[in-house]
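> Contents of model.tsv (TSV, C-alpha atoms) are below:
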chain	number	residue	atom	x	y	z
D	725	THR	CA	98.89	12.38	74.59
D	726	GLU	CA	102.32	11.85	75.96
D	727	ALA	CA	105.66	12.65	74.45
D	728	GLU	CA	109.17	12.03	75.56
D	729	LEU	CA	111.76	14.73	75.26
D	730	MET	CA	115.43	13.89	75.34
D	731	ILE	CA	117.97	16.69	75.19
D	732	THR	CA	121.66	15.98	74.74
D	733	ASN	CA	124.27	18.11	76.45
D	734	ILE	CA	126.34	20.25	74.12
D	735	ILE	CA	129.30	22.55	74.71
D	736	MET	CA	129.50	25.90	72.94
D	737	LYS	CA	132.69	27.94	73.06
D	738	MET	CA	133.09	31.45	71.69
D	739	GLU	CA	136.42	33.02	70.79
D	740	LEU	CA	137.02	36.62	69.77
D	741	LEU	CA	139.77	36.89	67.15
D	742	GLU	CA	141.41	39.81	65.37
D	743	LYS	CA	143.09	39.16	62.01
D	744	ASP	CA	144.44	42.01	59.87
D	745	SER	CA	142.40	44.60	61.81
D	746	ILE	CA	139.20	42.62	61.11
D	747	ASN	CA	137.31	41.24	64.09
D	748	PHE	CA	135.97	37.69	63.97
D	749	VAL	CA	133.80	35.69	66.33
D	750	GLU	CA	134.49	31.96	66.16
D	751	VAL	CA	132.01	29.55	67.73
D	752	SER	CA	132.89	25.90	68.39
D	753	ILE	CA	130.22	23.30	69.11
D	754	TYR	CA	130.91	19.80	70.35
D	755	GLU	CA	129.66	17.03	72.59
D	756	GLN	CA	131.66	15.14	75.17
D	757	ASP	CA	131.39	11.38	75.20
D	758	SER	CA	131.70	9.22	78.31
D	759	LEU	CA	135.51	9.17	77.98
D	760	GLY	CA	135.70	12.96	77.84
D	761	LEU	CA	136.59	13.12	74.14
D	762	LYS	CA	135.25	16.01	72.08
D	763	ILE	CA	132.93	15.08	69.21
D	764	SER	CA	132.52	17.91	66.69
D	765	LYS	CA	129.00	18.63	65.51
D	766	GLU	CA	128.37	19.50	61.87
D	767	ASP	CA	125.44	21.36	60.21
D	768	ILE	CA	124.12	23.00	63.36
D	769	PRO	CA	122.62	26.45	62.64
D	770	VAL	CA	124.20	29.13	64.83
D	771	ASN	CA	122.81	32.67	65.11
D	772	MET	CA	125.14	35.57	65.83
D	773	LEU	CA	123.45	38.52	67.55
D	774	VAL	CA	124.35	41.74	69.37
D	775	THR	CA	122.31	43.09	72.27
D	776	ARG	CA	120.57	46.40	71.67
D	777	PRO	CA	118.50	48.41	74.18
D	778	PHE	CA	115.21	46.57	73.56
D	779	SER	CA	116.08	43.49	71.50
D	780	LEU	CA	118.81	41.47	69.82
D	781	LEU	CA	120.25	42.61	66.48
D	782	PRO	CA	121.04	39.67	64.14
D	783	ILE	CA	124.48	39.78	62.53
D	784	GLY	CA	124.45	36.44	60.77
D	785	ARG	CA	123.34	32.83	60.65
D	786	GLU	CA	125.65	30.01	59.55
D	787	LYS	CA	125.91	26.26	59.94
D	788	THR	CA	128.90	24.61	61.56
D	789	ASN	CA	131.54	22.95	59.38
D	790	VAL	CA	133.05	19.47	59.75
D	791	ASP	CA	135.17	20.65	62.68
D	792	GLY	CA	132.08	21.97	64.48
D	793	LYS	CA	133.18	25.58	64.00
D	794	VAL	CA	131.59	28.63	62.46
D	795	SER	CA	133.16	32.06	62.02
D	796	PHE	CA	131.44	35.44	61.75
D	797	GLU	CA	132.98	38.73	60.71
D	798	PHE	CA	132.00	41.40	63.21
D	799	PRO	CA	130.79	44.71	61.69
D	800	THR	CA	132.98	47.72	62.42
D	801	ASP	CA	130.14	50.26	62.55
D	802	LEU	CA	127.98	48.91	65.38
D	803	PRO	CA	127.43	51.42	68.19
D	804	GLY	CA	128.37	50.35	71.68
D	805	ASP	CA	128.06	52.10	75.00
D	806	GLN	CA	130.20	55.07	76.09
D	807	ASP	CA	133.33	52.90	76.06
D	808	GLY	CA	132.41	51.01	72.87
D	809	ILE	CA	131.50	47.82	74.73
D	810	VAL	CA	128.98	45.50	73.03
D	811	THR	CA	127.55	42.17	74.14
D	812	ILE	CA	127.84	39.43	71.52
D	813	VAL	CA	125.39	36.52	71.65
D	814	ALA	CA	125.75	33.20	69.86
D	815	ASN	CA	122.75	30.90	70.08
D	816	ILE	CA	121.11	27.78	68.77
D	817	GLU	CA	117.32	28.04	68.75
D	818	ASP	CA	114.99	25.09	69.32
D	819	HIS	CA	117.25	22.33	67.99
D	820	GLU	CA	115.62	18.90	68.12
D	821	LEU	CA	118.60	17.34	69.94
D	822	TYR	CA	120.03	20.20	71.97
D	823	GLY	CA	117.14	22.55	72.65
D	824	SER	CA	118.08	26.22	72.97
D	825	VAL	CA	121.71	27.02	73.76
D	826	GLU	CA	123.18	30.49	74.22
D	827	ARG	CA	126.62	31.93	74.88
D	828	ARG	CA	127.29	35.63	75.67
D	829	THR	CA	130.45	37.67	75.90
D	830	THR	CA	131.32	41.35	76.00
D	831	THR	CA	134.04	43.14	74.09
D	832	ALA	CA	135.09	46.68	73.16
D	833	TRP	CA	134.53	46.26	69.41
D	834	GLY	CA	131.69	48.77	69.15
D	835	VAL	CA	131.85	52.44	68.23
D	836	PRO	CA	131.78	54.57	71.42
D	837	THR	CA	128.46	56.40	71.58
D	838	ILE	CA	127.78	59.46	73.69
D	839	PHE	CA	124.14	59.70	74.61
D	840	ASP	CA	123.02	63.33	74.61
D	841	ASP	CA	120.23	63.59	77.15
D	842	HIS	CA	117.93	66.49	76.20
D	843	THR	CA	115.30	65.76	78.84
D	844	HIS	CA	116.75	68.35	81.24
D	845	GLU	CA	116.32	71.26	78.81
D	846	ARG	CA	113.19	73.39	78.53
D	847	SER	CA	111.21	72.10	75.53
D	848	LEU	CA	107.68	71.14	74.55
D	849	TRP	CA	108.42	67.40	74.88
D	850	ALA	CA	110.17	67.70	78.26
D	851	ALA	CA	108.62	66.91	81.61
D	852	GLY	CA	106.31	69.46	83.24
D	853	ALA	CA	109.11	70.86	85.39
D	854	ASN	CA	111.07	71.70	82.21
D	855	ALA	CA	108.24	73.16	80.12
D	856	PRO	CA	108.96	76.47	78.36
D	857	ILE	CA	108.33	79.47	80.60
D	858	SER	CA	106.02	81.11	78.03
D	859	LEU	CA	103.86	77.97	77.97
D	860	VAL	CA	103.71	77.86	81.78
D	861	LEU	CA	102.73	81.55	81.95
D	862	LEU	CA	100.08	81.19	79.22
D	863	THR	CA	98.53	78.10	80.83
D	864	SER	CA	98.57	79.63	84.30
D	865	SER	CA	96.96	82.88	83.10
D	866	LEU	CA	94.20	80.96	81.26
D	867	ILE	CA	93.44	78.89	84.35
D	868	LEU	CA	93.37	82.03	86.53
D	869	ALA	CA	91.09	83.79	84.03
D	870	VAL	CA	88.59	80.90	84.00
D	871	TRP	CA	88.53	80.61	87.80
D	872	GLY	CA	88.31	84.38	88.09
D	873	LEU	CA	85.27	84.36	85.80
D	874	VAL	CA	83.66	81.57	87.83
D	875	GLY	CA	84.35	83.54	91.03
D	876	TYR	CA	82.89	86.73	89.54
D	877	MET	CA	79.73	84.86	88.45
D	878	LEU	CA	79.30	83.37	91.94
D	879	PHE	CA	79.78	86.81	93.46
D	880	LYS	CA	77.05	88.28	91.18
D	881	ILE	CA	74.68	85.41	92.01
D	882	PHE	CA	75.29	86.05	95.71
D	883	GLN	CA	74.51	89.78	95.19
D	884	LEU	CA	71.23	88.91	93.38
D	885	SER	CA	70.12	86.68	96.22
D	886	ARG	CA	70.56	89.54	98.74
D	887	ILE	CA	68.12	91.79	96.87
Could you quickly redo this structure as structure tokens?

Amino acid sequence: TEAELMITNIIMKMELLEKDSINFVEVSIYEQDSLGLKISKEDIPVNMLVTRPFSLLPIGREKTNVDGKVSFEFPTDLPGDQDGIVTIVANIEDHELYGSVERRTTTAWGVPTIFDDHTHERSLWAAGANAPISLVLLTSSLILAVWGLVGYMLFKIFQLSRI
């Protein structure tokens, strides 16, 4: 079977706005005709997401209005990096005319998060170099005791063979 796929070019703009101490993300979607005029696109589903360490966190999903715009209120309690910087992603997924379109931008709208790294402390879940001293001593003494017993048995077997 054969199929033809035709994807139309689309322009997605993202603006970050602040009104009355509330943060908004406004996404505009339009096409450009051959004369360079902007044609607004209505009823296109737009996903608003924020990047997290291993995936994207969805904030909302809306369809564009008659002007080809959609506005999302940005949550005030999302954690960012150490400076509060978050990456905002607006995308259209698998649209029949436009395919997948994505726009990313970064801003300091997140809550600054200090990552407390406990991997350098001595604990049971730390790396071997940071294991508790009592655990290292116990393990080492058990290993020495077992090898000492094996050595003693070999020594006794050697003495029996000399008789």
> With distances taken over only C-alpha atoms, which of D:Ala814, D:Leu780, D:Leu761, D:Val790 is nearest to D:Val749?
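With only C-alpha atoms as the atom set, the closest residue is D:Ala814.
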> Distance atom CA of D:Gly760-atom CA of D:Gly792, one decimal place?
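Atom CA of D:Gly792 lies 16.5 Å from atom CA of D:Gly760.
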> Quick one: everything within 10 Å of D:Gln806, counting all atoms listed in the file, minus sequence neighbours fewer than 2 positions away in the same chain. Send it as number ranges by chain.
D: 803-804, 808-809, 834-839
> Would you put the residues from that selection into a file with C-alpha atoms, as an mmCIF file, in the coordinates of the input?

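Contents of out_33.cif, freshly written:
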data_model
loop_
_atom_site.group_PDB
_atom_site.id
_atom_site.type_symbol
_atom_site.label_atom_id
_atom_site.label_comp_id
_atom_site.auth_asym_id
_atom_site.auth_seq_id
_atom_site.Cartn_x
_atom_site.Cartn_y
_atom_site.Cartn_z
ATOM 1 C CA PRO D 803 127.430 51.420 68.190
ATOM 2 C CA GLY D 804 128.370 50.350 71.680
ATOM 3 C CA GLY D 808 132.410 51.010 72.870
ATOM 4 C CA ILE D 809 131.500 47.820 74.730
ATOM 5 C CA GLY D 834 131.690 48.770 69.150
ATOM 6 C CA VAL D 835 131.850 52.440 68.230
ATOM 7 C CA PRO D 836 131.780 54.570 71.420
ATOM 8 C CA THR D 837 128.460 56.400 71.580
ATOM 9 C CA ILE D 838 127.780 59.460 73.690
ATOM 10 C CA PHE D 839 124.140 59.700 74.610
#
> Each residue of stretch 811-886 of chain D with at least one atom at most 9 Å from stretch 736-748 of chain D should appear once, together with its nearest atom pair and the corresponding distance in Å (one decimal); atoms considered: only C-alpha atoms; ordering: chain, then increasing residue number; output as CSV.

residue,atom,partner,partner_atom,distance
D:Ala814,CA,D:Met738,CA,7.8
D:Asn815,CA,D:Met736,CA,8.9
D:Val825,CA,D:Met736,CA,7.9
D:Glu826,CA,D:Met736,CA,7.9
D:Arg827,CA,D:Met736,CA,7.0
D:Arg828,CA,D:Met738,CA,8.2
D:Thr829,CA,D:Met738,CA,8.0
D:Thr831,CA,D:Leu740,CA,8.4
D:Trp833,CA,D:Asn747,CA,7.8
> Could you tell me how far atom CA of D:Glu755 sits from atom CA of D:Phe796, in Å to one decimal place?
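Answer for the atom CA of D:Phe796 to atom CA of D:Glu755 separation: 21.4 Å.
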> Between atom CA of D:Ile734 and atom CA of D:Glu750, measure the distance and give it in Å to one decimal.
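Computing the Euclidean distance for atom CA of D:Ile734 and atom CA of D:Glu750 yields 16.3 Å.
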> Name the closest residue to D:Asp805 among the candidates D:Asn733, D:Ile783, D:Thr775, D:Tyr754; distances are taken between atoms, counting all atoms listed in the file.
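Ranking D:Asn733, D:Ile783, D:Thr775, D:Tyr754 by distance to D:Asp805, first place goes to D:Thr775.
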> Nearest to D:Ile768 among D:Gly852, D:Pro799, D:Gly823, D:Pro782, with distances taken over only C-alpha atoms: which residue is it?
D:Gly823
> Find the smallest box with edges along x, y and z containing every listed atom of stretch 798-814 of chain D, then add 6 Å on each side and report centre and edge lengths in Å to one decimal, as JSON.

{"center_x": 129.4, "center_y": 44.1, "center_z": 68.9, "size_x": 19.9, "size_y": 33.9, "size_z": 26.4}
> With distances taken over all atoms listed in the file, which of D:Ser779, D:Thr788, D:Thr725, D:Thr732 is nearest to D:Val751?
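Counting all atoms listed in the file, the residue closest to D:Val751 is D:Thr788.
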> Go through D:Glu786, D:Lys793, D:Leu781, D:Ile812 and flag the residue nearest D:Glu766, using all atoms listed in the file for the distances.
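Using all atoms listed in the file, D:Glu766 sits closest to D:Lys793.
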> Measuring atom to atom with only C-alpha atoms, identify which of D:Ala869, D:Val770, D:Leu802, D:Leu859 is nearest to D:Glu817.
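Of all the options, D:Val770 lies closest to D:Glu817.
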